[in-house]
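Pasted below: data.tsv, TSV, C-alpha atoms and all ligand atoms.
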chain	number	residue	atom	x	y	z
A	42	MET	CA	13.48	1.07	0.45
A	43	ARG	CA	13.04	1.79	-3.23
A	44	ILE	CA	9.55	2.22	-4.75
A	45	ASP	CA	8.74	2.77	-8.43
A	46	VAL	CA	5.20	3.59	-9.57
A	47	VAL	CA	4.19	3.31	-13.24
A	48	SER	CA	1.00	5.10	-14.30
A	49	ILE	CA	-0.56	7.02	-17.20
A	50	PHE	CA	-1.53	9.68	-14.60
A	51	PRO	CA	1.72	10.47	-12.78
A	52	GLU	CA	0.07	13.66	-11.40
A	53	TYR	CA	-2.21	11.41	-9.34
A	54	LEU	CA	0.83	10.36	-7.32
A	55	ALA	CA	1.90	13.95	-6.53
A	56	ALA	CA	0.51	13.46	-3.01
A	57	LEU	CA	3.50	11.21	-2.33
A	58	ASP	CA	5.59	14.40	-1.98
A	59	LEU	CA	3.60	15.40	1.12
A	60	SER	CA	3.61	14.76	4.84
A	61	LEU	CA	5.14	11.61	6.24
A	62	ILE	CA	6.02	10.06	2.87
A	63	GLY	CA	7.55	13.31	1.65
A	64	LYS	CA	9.69	13.42	4.80
A	65	ALA	CA	10.75	9.78	4.37
A	66	ARG	CA	11.90	10.65	0.84
A	67	ALA	CA	13.73	13.79	1.95
A	68	SER	CA	15.52	11.88	4.73
A	69	GLY	CA	16.69	9.15	2.35
A	70	LEU	CA	14.70	6.34	3.99
A	71	LEU	CA	12.61	6.08	0.83
A	72	ASP	CA	13.73	6.39	-2.80
A	73	LEU	CA	10.46	6.81	-4.73
A	74	THR	CA	10.10	7.46	-8.47
A	75	VAL	CA	6.92	7.87	-10.50
A	76	HIS	CA	7.11	6.92	-14.20
A	77	ASP	CA	4.74	7.86	-17.04
A	78	LEU	CA	3.77	4.70	-18.94
A	79	ARG	CA	3.34	6.76	-22.14
A	80	ASP	CA	7.08	7.46	-22.13
A	81	PHE	CA	7.50	3.78	-23.01
A	82	THR	CA	5.28	3.81	-26.11
A	83	THR	CA	6.76	4.10	-29.61
A	84	ASP	CA	3.85	5.35	-31.75
A	85	ARG	CA	3.00	8.97	-32.49
A	86	HIS	CA	-0.18	8.82	-30.40
A	87	ARG	CA	1.54	7.24	-27.38
A	88	THR	CA	-1.12	4.52	-27.36
A	89	VAL	CA	-1.44	2.40	-24.21
A	90	ASP	CA	-4.74	0.58	-24.80
A	91	ASP	CA	-6.65	-1.43	-27.37
A	92	THR	CA	-9.91	-3.37	-27.74
A	93	PRO	CA	-10.32	-6.67	-25.89
A	94	TYR	CA	-10.01	-10.01	-27.72
A	95	GLY	CA	-13.27	-11.88	-27.31
A	96	GLY	CA	-15.27	-8.66	-27.28
A	97	GLY	CA	-16.88	-6.81	-24.42
A	98	ALA	CA	-16.97	-3.31	-23.06
A	99	GLY	CA	-13.98	-1.09	-22.47
A	100	MET	CA	-10.31	-1.21	-23.38
A	101	VAL	CA	-7.34	-3.27	-22.26
A	102	MET	CA	-3.81	-2.00	-21.64
A	103	LYS	CA	-1.38	-3.22	-24.29
A	104	PRO	CA	1.46	-5.42	-23.05
A	105	GLU	CA	4.47	-3.88	-24.80
A	106	PRO	CA	4.60	-0.46	-23.07
A	107	TRP	CA	4.42	-2.31	-19.73
A	108	ALA	CA	7.31	-4.61	-20.65
A	109	GLN	CA	9.39	-1.59	-21.71
A	110	ALA	CA	8.55	0.35	-18.55
A	111	LEU	CA	9.19	-2.55	-16.17
A	112	THR	CA	12.45	-3.39	-17.92
A	113	ALA	CA	13.58	0.22	-17.53
A	114	VAL	CA	12.69	0.10	-13.83
A	115	LEU	CA	14.80	-3.07	-13.41
A	116	ASP	CA	17.69	-1.56	-15.38
A	117	GLY	CA	17.60	1.29	-12.88
A	118	GLU	CA	18.34	-1.20	-10.07
A	119	GLY	CA	22.01	-0.31	-10.44
A	120	GLY	CA	23.13	-3.64	-11.86
A	121	ALA	CA	26.08	-3.76	-9.46
A	122	ALA	CA	27.06	-7.29	-8.47
A	123	ASP	CA	26.45	-6.46	-4.83
A	124	PRO	CA	24.29	-3.37	-4.56
A	125	GLY	CA	23.57	-3.88	-0.86
A	126	GLY	CA	27.26	-3.80	0.02
A	127	THR	CA	27.36	-7.06	1.99
A	128	THR	CA	28.45	-10.20	0.22
A	129	ALA	CA	25.73	-12.32	1.80
A	130	GLY	CA	23.43	-9.76	0.06
A	131	ASP	CA	19.74	-10.11	-0.08
A	132	GLN	CA	18.78	-12.11	-3.13
A	133	ARG	CA	15.05	-11.46	-2.92
A	134	ARG	CA	13.51	-10.33	-6.15
A	135	PRO	CA	11.72	-7.02	-6.52
A	136	VAL	CA	7.99	-7.25	-5.80
A	137	LEU	CA	5.57	-6.16	-8.53
A	138	ILE	CA	2.22	-5.10	-7.12
A	139	ILE	CA	-0.60	-5.00	-9.64
A	140	PRO	CA	-3.53	-3.11	-8.07
A	141	SER	CA	-6.77	-4.78	-9.11
A	142	PRO	CA	-10.20	-5.43	-7.60
A	143	ALA	CA	-9.48	-9.04	-8.63
A	144	GLY	CA	-6.36	-9.21	-6.43
A	145	GLU	CA	-5.63	-10.67	-3.01
A	146	VAL	CA	-6.89	-8.34	-0.25
A	147	PHE	CA	-4.23	-5.98	1.10
A	148	ARG	CA	-4.26	-6.05	4.93
A	149	GLN	CA	-2.11	-4.70	7.75
A	150	ALA	CA	-0.18	-8.01	7.72
A	151	THR	CA	0.51	-7.44	4.00
A	152	ALA	CA	1.80	-3.96	4.77
A	153	HIS	CA	4.17	-5.39	7.41
A	154	GLU	CA	5.40	-8.06	5.00
A	155	LEU	CA	6.00	-5.58	2.18
A	156	ALA	CA	7.72	-3.07	4.51
A	157	GLU	CA	10.58	-5.62	4.65
A	158	THR	CA	11.18	-5.53	0.88
A	159	ASP	CA	14.06	-3.65	-0.74
A	160	HIS	CA	12.27	-2.80	-3.99
A	161	LEU	CA	8.54	-2.45	-4.68
A	162	VAL	CA	7.07	-1.64	-8.08
A	163	PHE	CA	3.41	-0.63	-8.53
A	164	ALA	CA	1.87	-1.12	-12.00
A	165	CYS	CA	-1.23	1.09	-12.07
A	166	GLY	CA	-3.70	-0.19	-14.64
A	167	ARG	CA	-6.65	1.78	-15.99
A	168	TYR	CA	-9.58	0.78	-18.18
A	169	GLU	CA	-10.50	-2.90	-17.86
A	170	GLY	CA	-6.98	-3.81	-16.76
A	171	ILE	CA	-3.63	-4.89	-18.20
A	172	ASP	CA	-3.21	-7.68	-20.78
A	173	GLU	CA	-2.88	-10.85	-18.66
A	174	ARG	CA	0.41	-11.82	-20.31
A	175	VAL	CA	2.24	-8.94	-18.61
A	176	ALA	CA	1.90	-10.67	-15.21
A	177	LEU	CA	3.20	-13.95	-16.73
A	178	TRP	CA	6.13	-12.21	-18.40
A	179	ALA	CA	6.92	-10.26	-15.24
A	180	ALA	CA	6.88	-13.40	-13.05
A	181	GLU	CA	10.32	-14.32	-14.41
A	182	ARG	CA	11.73	-11.08	-13.02
A	183	PHE	CA	9.54	-10.10	-10.05
A	184	ASP	CA	7.44	-11.61	-7.29
A	185	VAL	CA	4.11	-10.64	-8.83
A	186	ARG	CA	1.33	-9.74	-6.36
A	187	PRO	CA	-2.10	-8.70	-7.71
A	188	MET	CA	-3.60	-6.72	-4.78
A	189	SER	CA	-7.04	-5.28	-3.98
A	190	ILE	CA	-7.70	-2.69	-1.27
A	191	GLY	CA	-11.28	-3.81	-0.69
A	192	ASP	CA	-14.49	-5.04	-2.23
A	193	TYR	CA	-15.45	-2.09	-4.39
A	194	VAL	CA	-14.30	-0.85	-7.80
A	195	LEU	CA	-12.03	2.13	-8.48
A	196	ASN	CA	-11.33	3.55	-11.93
A	197	GLY	CA	-7.67	2.64	-11.80
A	198	GLY	CA	-4.81	1.55	-9.60
A	199	GLU	CA	-3.54	5.02	-8.63
A	200	VAL	CA	-5.72	5.64	-5.56
A	201	ALA	CA	-5.16	2.07	-4.37
A	202	THR	CA	-1.40	2.59	-4.81
A	203	LEU	CA	-1.52	5.76	-2.68
A	204	ALA	CA	-3.24	3.78	0.08
A	205	MET	CA	-0.83	0.83	-0.08
A	206	VAL	CA	2.33	3.00	-0.27
A	207	GLU	CA	1.20	4.98	2.78
A	208	ALA	CA	0.37	1.83	4.76
A	209	ILE	CA	3.78	0.30	3.91
A	210	VAL	CA	6.07	3.33	4.22
A	211	ARG	CA	4.86	4.30	7.71
A	212	LEU	CA	6.07	0.87	8.90
A	213	ILE	CA	9.67	1.38	7.71
A	214	PRO	CA	11.78	1.80	10.86
A	215	GLY	CA	12.55	5.48	11.44
A	216	VAL	CA	9.67	6.85	9.38
A	217	ILE	CA	7.34	7.36	12.36
A	218	GLY	CA	8.90	9.34	15.19
A	219	ASN	CA	7.14	7.51	18.03
A	220	PRO	CA	7.07	3.76	17.25
A	221	GLY	CA	4.65	3.26	20.17
A	222	SER	CA	1.91	4.70	17.99
A	223	LEU	CA	2.34	1.68	15.69
A	224	THR	CA	1.55	-0.83	18.45
A	225	GLU	CA	-1.54	0.94	19.79
A	226	GLU	CA	-3.42	1.52	16.54
A	227	SER	CA	-6.29	-0.40	14.95
A	228	HIS	CA	-5.31	-3.84	13.57
A	229	ALA	CA	-1.99	-3.92	15.45
A	230	ASP	CA	-3.39	-6.65	17.73
A	231	GLY	CA	-6.18	-7.82	15.42
A	232	LEU	CA	-8.78	-5.58	17.11
A	233	LEU	CA	-10.08	-2.09	16.42
A	234	GLU	CA	-8.56	0.74	18.43
A	235	TYR	CA	-10.17	1.97	21.67
A	236	PRO	CA	-11.74	5.48	21.68
A	237	MET	CA	-9.50	8.48	22.41
A	238	TYR	CA	-10.27	11.78	24.15
A	239	THR	CA	-8.42	15.03	24.80
A	240	LYS	CA	-9.17	18.23	26.74
A	241	PRO	CA	-11.62	19.59	27.75
A	242	ALA	CA	-12.90	16.87	30.12
A	243	SER	CA	-16.44	18.16	29.60
A	244	TRP	CA	-17.46	19.48	26.18
A	245	ARG	CA	-20.96	20.50	25.07
A	246	GLY	CA	-22.46	18.31	27.76
A	247	LEU	CA	-20.35	15.29	26.79
A	248	ASP	CA	-17.92	13.98	29.44
A	249	VAL	CA	-14.73	12.00	29.04
A	250	PRO	CA	-15.21	8.58	30.74
A	251	ASP	CA	-14.24	8.89	34.43
A	252	VAL	CA	-11.83	5.97	34.30
A	253	LEU	CA	-9.51	7.94	32.02
A	254	LEU	CA	-9.19	10.68	34.67
A	255	SER	CA	-8.57	8.17	37.50
A	256	GLY	CA	-4.81	7.83	37.09
A	257	ASP	CA	-5.24	4.07	37.69
A	258	HIS	CA	-3.23	2.66	34.79
A	259	GLY	CA	-4.31	-0.93	35.36
A	260	ARG	CA	-7.98	0.04	35.30
A	261	ILE	CA	-7.44	2.21	32.23
A	262	ALA	CA	-5.73	-0.64	30.36
A	263	ARG	CA	-8.58	-3.03	31.22
A	264	TRP	CA	-11.22	-0.49	30.17
A	265	ARG	CA	-9.47	0.16	26.87
A	266	HIS	CA	-9.25	-3.55	26.13
A	267	GLU	CA	-12.99	-3.97	26.83
A	268	GLN	CA	-13.71	-1.05	24.53
A	269	GLN	CA	-11.64	-2.71	21.81
A	270	LEU	CA	-13.65	-5.91	22.16
A	271	THR	CA	-17.11	-4.28	22.16
A	272	ARG	CA	-16.23	-1.95	19.30
A	273	THR	CA	-14.82	-4.81	17.21
A	274	ALA	CA	-17.89	-6.97	17.96
A	275	GLU	CA	-20.21	-4.14	16.86
A	276	ARG	CA	-18.37	-2.86	13.82
A	277	ARG	CA	-16.20	-5.74	12.60
A	278	PRO	CA	-17.42	-9.07	14.03
A	279	ASP	CA	-15.55	-10.78	11.19
A	280	LEU	CA	-12.27	-9.90	12.98
A	281	LEU	CA	-13.16	-11.76	16.19
A	282	PRO	CA	-12.24	-15.43	16.65
A	283	PRO	CA	-15.33	-17.67	16.42
A	284	PRO	CA	-16.79	-18.40	19.92
A	285	ALA	CA	-15.34	-21.68	21.24
B	1	LIG	CL1	-6.29	-2.25	-6.18
B	1	LIG	N1	-7.83	-1.31	-8.10
B	1	LIG	C1	-9.02	-0.97	-8.61
B	1	LIG	N2	-9.07	-0.48	-9.85
B	1	LIG	N3	-10.15	-1.08	-7.95
B	1	LIG	C2	-10.05	-1.55	-6.72
B	1	LIG	C3	-8.86	-1.92	-6.13
B	1	LIG	C4	-7.75	-1.80	-6.86
B	1	LIG	N4	-9.09	-2.37	-4.89
B	1	LIG	C5	-10.39	-2.27	-4.72
B	1	LIG	N5	-10.98	-1.78	-5.82
Will you turn the file into C-alpha cells for me?
Amino acid sequence: MRIDVVSIFPEYLAALDLSLIGKARASGLLDLTVHDLRDFTTDRHRTVDDTPYGGGAGMVMKPEPWAQALTAVLDGEGGAADPGGTTAGDQRRPVLIIPSPAGEVFRQATAHELAETDHLVFACGRYEGIDERVALWAAERFDVRPMSIGDYVLNGGEVATLAMVEAIVRLIPGVIGNPGSLTEESHADGLLEYPMYTKPASWRGLDVPDVLLSGDHGRIARWRHEQQLTRTAERRPDLLPPPA
C-alpha cells in the first residue's frame, strides 16, 4: 500500500517511523511519504492561509498550494500504463482522506475498507479548514472522504491522521505477526473485548477469575462472551442491537 500525507507540520508525523508502522515501511509492505504543504507555495512567505470570505474568526487554507501538492502526489504514482503488473489491473482511484470534525465517523469497518486500497492520501488541514473548492476539484481525481475520528475538536488533521493510519496499516496482511489478535480485539465482532489477565494468579489481594484457571475451554469461551456483553452494555450500549 502507498500512503502520502500532506501537512504544514511534517514533524508531527515522525511517529510513523516507529513500531509496527515503521516495520511495515522497512519490510516494503507500506510505502509512506510525508510532504510539507509549504513546499508547494510560490510566494516568499510560503503562505498557506488567508482570511475567510463572509467574515468570522480564524483563517482558511488557500486552495492553490493544495492543488499543487495533490497534483505532485498523483504525478508520483508512476504514470506507467499498468503499474500493478497485471493487465486486468485495479482501476480504483486513489482515496483522498480529509480529516475534519465535520467528516463521516471513522470506524473499524472504515479501517477494514481502506486497508484494501492501493493508494491513500491524507490532506491535513489546520486553522478553520481547507477552502471547500479543494474537495470539489479533487473529486475528479480521487475518491474524496472527509473523515472525523470522533465528536470532539482537534487543532488540525495530523493527530487524526496518525490514528487512522495506525488503524488501517495494522490490518494490511502481513503487518501483524499473529493475525489471531485481529479477530479477538474490541470491535472485531461488534462488541468490546473481554478482560485479560496474566501472572500472578493472585496480586495485591486481587484474584484472576477461577474460570480462567479451569482449563475448560468451552466454559472459558462462554464466560468471555458474557463479559463482552456486560461490558458493552455498561460502557457502550449504543453498540448493542436494540432489544427485540
Ligand atoms: Cl479528523 N480533525 C480535527 N481537526 N478534529 C477532529 C477530527 C479530525 N476528528 C475529530 N475531531
Which residues are near ligand LIG 1 (chain B) in this structure, taking near to mean any atom at most 6 Å from a ligand atom and counting all atoms listed in the file? Format them as a short mmCIF file (atom, residue, chain, number, x, y, z; two decimals) with C-alpha atoms, in the frame of the given file.
data_model
loop_
_atom_site.label_atom_id
_atom_site.label_comp_id
_atom_site.auth_asym_id
_atom_site.auth_seq_id
_atom_site.Cartn_x
_atom_site.Cartn_y
_atom_site.Cartn_z
CA PRO A 140 -3.53 -3.11 -8.07
CA SER A 141 -6.77 -4.78 -9.11
CA PRO A 142 -10.20 -5.43 -7.60
CA MET A 188 -3.60 -6.72 -4.78
CA SER A 189 -7.04 -5.28 -3.98
CA ILE A 190 -7.70 -2.69 -1.27
CA GLY A 191 -11.28 -3.81 -0.69
CA ASP A 192 -14.49 -5.04 -2.23
CA TYR A 193 -15.45 -2.09 -4.39
CA VAL A 194 -14.30 -0.85 -7.80
CA LEU A 195 -12.03 2.13 -8.48
CA ASN A 196 -11.33 3.55 -11.93
CA GLY A 197 -7.67 2.64 -11.80
CA GLY A 198 -4.81 1.55 -9.60
CA ALA A 201 -5.16 2.07 -4.37
#
- Item | Radius query 7 Å about (10.5, 3.0, -13.9), atoms used: only C-alpha atoms, as a list in words |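 Protein and nucleic acid residues near the point are Asp45, Val46, Val47, Val75, His76, Ala110, Leu111, Ala113 and Val114 of chain A.
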- Using all atoms listed in the file, determine which residues lie at most 8 Å from Pro106 in chain A, disregarding the query and same-chain residues fewer than 5 positions distant; provide the list as a list in words. Leu78, Arg79, Phe81, Thr82 and Val89 of chain A
Writer output for current selection, C-alpha atoms, as a PDB file, in the coordinates of the input:
ATOM      1  CA  LEU A  78       3.770   4.700 -18.940  1.00  0.00           C
ATOM      2  CA  ARG A  79       3.340   6.760 -22.140  1.00  0.00           C
ATOM      3  CA  PHE A  81       7.500   3.780 -23.010  1.00  0.00           C
ATOM      4  CA  THR A  82       5.280   3.810 -26.110  1.00  0.00           C
ATOM      5  CA  VAL A  89      -1.440   2.400 -24.210  1.00  0.00           C
TER       6      VAL A  89
END
- Message: If we draw a sphere of 12 Å around (-8.9, -1.4, 14.2), which residues have at least one atom in it when counting only C-alpha atoms? Please report them as a PyMOL selection string.
- Response: chain A and resi 148-149+223-236+268-281
- Query: Contacts of Ile213 in chain A at 12 Å or less, counting all atoms listed in the file, minus same-chain residues fewer than 5 places along, as number ranges by chain?
  - Reply: A: 42-43, 61-62, 65-66, 69-71, 152-159, 206-208, 218, 220, 223
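Atom pair CA of Ser60 in chain A / CA of Ser48 in chain A: separated by 21.6 Å.
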Find the residues around Asp90 in chain A up to 10 Å (all atoms listed in the file counted), leave out those fewer than 2 positions away in its own chain, and share them as a PDB file with C-alpha atoms, in the coordinates of the input.
ATOM      1  CA  ARG A  87       1.540   7.240 -27.380  1.00  0.00           C
ATOM      2  CA  THR A  88      -1.120   4.520 -27.360  1.00  0.00           C
ATOM      3  CA  THR A  92      -9.910  -3.370 -27.740  1.00  0.00           C
ATOM      4  CA  PRO A  93     -10.320  -6.670 -25.890  1.00  0.00           C
ATOM      5  CA  GLY A  99     -13.980  -1.090 -22.470  1.00  0.00           C
ATOM      6  CA  MET A 100     -10.310  -1.210 -23.380  1.00  0.00           C
ATOM      7  CA  VAL A 101      -7.340  -3.270 -22.260  1.00  0.00           C
ATOM      8  CA  MET A 102      -3.810  -2.000 -21.640  1.00  0.00           C
ATOM      9  CA  LYS A 103      -1.380  -3.220 -24.290  1.00  0.00           C
ATOM     10  CA  PRO A 104       1.460  -5.420 -23.050  1.00  0.00           C
ATOM     11  CA  PRO A 106       4.600  -0.460 -23.070  1.00  0.00           C
ATOM     12  CA  ARG A 167      -6.650   1.780 -15.990  1.00  0.00           C
ATOM     13  CA  TYR A 168      -9.580   0.780 -18.180  1.00  0.00           C
ATOM     14  CA  GLU A 169     -10.500  -2.900 -17.860  1.00  0.00           C
ATOM     15  CA  GLY A 170      -6.980  -3.810 -16.760  1.00  0.00           C
ATOM     16  CA  ILE A 171      -3.630  -4.890 -18.200  1.00  0.00           C
ATOM     17  CA  ASP A 172      -3.210  -7.680 -20.780  1.00  0.00           C
TER      18      ASP A 172
END
- So, counting all atoms listed in the file, which residue among A:Leu254, A:Ile209, A:Val200, A:Leu115 is closest to Arg134 in chain A?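 Closest residue, counting all atoms listed in the file: A:Leu115.
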- CA of Met237 in chain A to CA of Asp257 in chain A: how many Å, to one decimal?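 One can read the CA of Met237 in chain A to CA of Asp257 in chain A distance as 16.5 Å.
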- Query: CA of Thr112 in chain A and CA of Phe183 in chain A, how far apart in Å?
  - Reply: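 Going from CA of Phe183 in chain A over to CA of Thr112 in chain A covers 10.7 Å.
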- Message: Could you check the closest approach to Asp80 in chain A for each of A:Leu54, A:Leu59, A:Ile49, A:Val136 and tell me which residue wins, using all atoms listed in the file?
- Response: A:Ile49
Starting from the sparse input, extend range 259-274 of chain A to N, CA and C atoms and give the output as a short mmCIF file (atom, residue, chain, number, x, y, z; two decimals), in the frame of the given file.
data_model
loop_
_atom_site.label_atom_id
_atom_site.label_comp_id
_atom_site.auth_asym_id
_atom_site.auth_seq_id
_atom_site.Cartn_x
_atom_site.Cartn_y
_atom_site.Cartn_z
N GLY A 259 -3.80 0.42 35.55
CA GLY A 259 -4.31 -0.93 35.36
C GLY A 259 -5.78 -0.90 34.93
N ARG A 260 -6.56 -0.08 35.63
CA ARG A 260 -7.98 0.04 35.30
C ARG A 260 -8.16 0.62 33.89
N ILE A 261 -7.34 1.59 33.56
CA ILE A 261 -7.44 2.21 32.23
C ILE A 261 -7.14 1.17 31.14
N ALA A 262 -6.09 0.38 31.36
CA ALA A 262 -5.73 -0.64 30.36
C ALA A 262 -6.85 -1.65 30.19
N ARG A 263 -7.47 -2.06 31.32
CA ARG A 263 -8.58 -3.03 31.22
C ARG A 263 -9.79 -2.42 30.49
N TRP A 264 -10.10 -1.17 30.82
CA TRP A 264 -11.22 -0.49 30.17
C TRP A 264 -10.99 -0.38 28.66
N ARG A 265 -9.77 0.01 28.31
CA ARG A 265 -9.47 0.16 26.87
C ARG A 265 -9.60 -1.17 26.14
N HIS A 266 -9.15 -2.24 26.77
CA HIS A 266 -9.25 -3.55 26.13
C HIS A 266 -10.72 -3.95 25.94
N GLU A 267 -11.55 -3.68 26.97
CA GLU A 267 -12.99 -3.97 26.83
C GLU A 267 -13.61 -3.17 25.70
N GLN A 268 -13.20 -1.89 25.61
CA GLN A 268 -13.71 -1.05 24.53
C GLN A 268 -13.32 -1.62 23.16
N GLN A 269 -12.09 -2.11 23.08
CA GLN A 269 -11.64 -2.71 21.81
C GLN A 269 -12.54 -3.88 21.43
N LEU A 270 -12.84 -4.72 22.44
CA LEU A 270 -13.65 -5.91 22.16
C LEU A 270 -15.08 -5.54 21.77
N THR A 271 -15.72 -4.60 22.49
CA THR A 271 -17.11 -4.28 22.16
C THR A 271 -17.18 -3.57 20.81
N ARG A 272 -16.24 -2.68 20.57
CA ARG A 272 -16.23 -1.95 19.30
C ARG A 272 -16.02 -2.92 18.13
N THR A 273 -15.09 -3.85 18.29
CA THR A 273 -14.82 -4.81 17.21
C THR A 273 -16.05 -5.70 17.00
N ALA A 274 -16.70 -6.12 18.09
CA ALA A 274 -17.89 -6.97 17.96
C ALA A 274 -19.00 -6.23 17.22
#
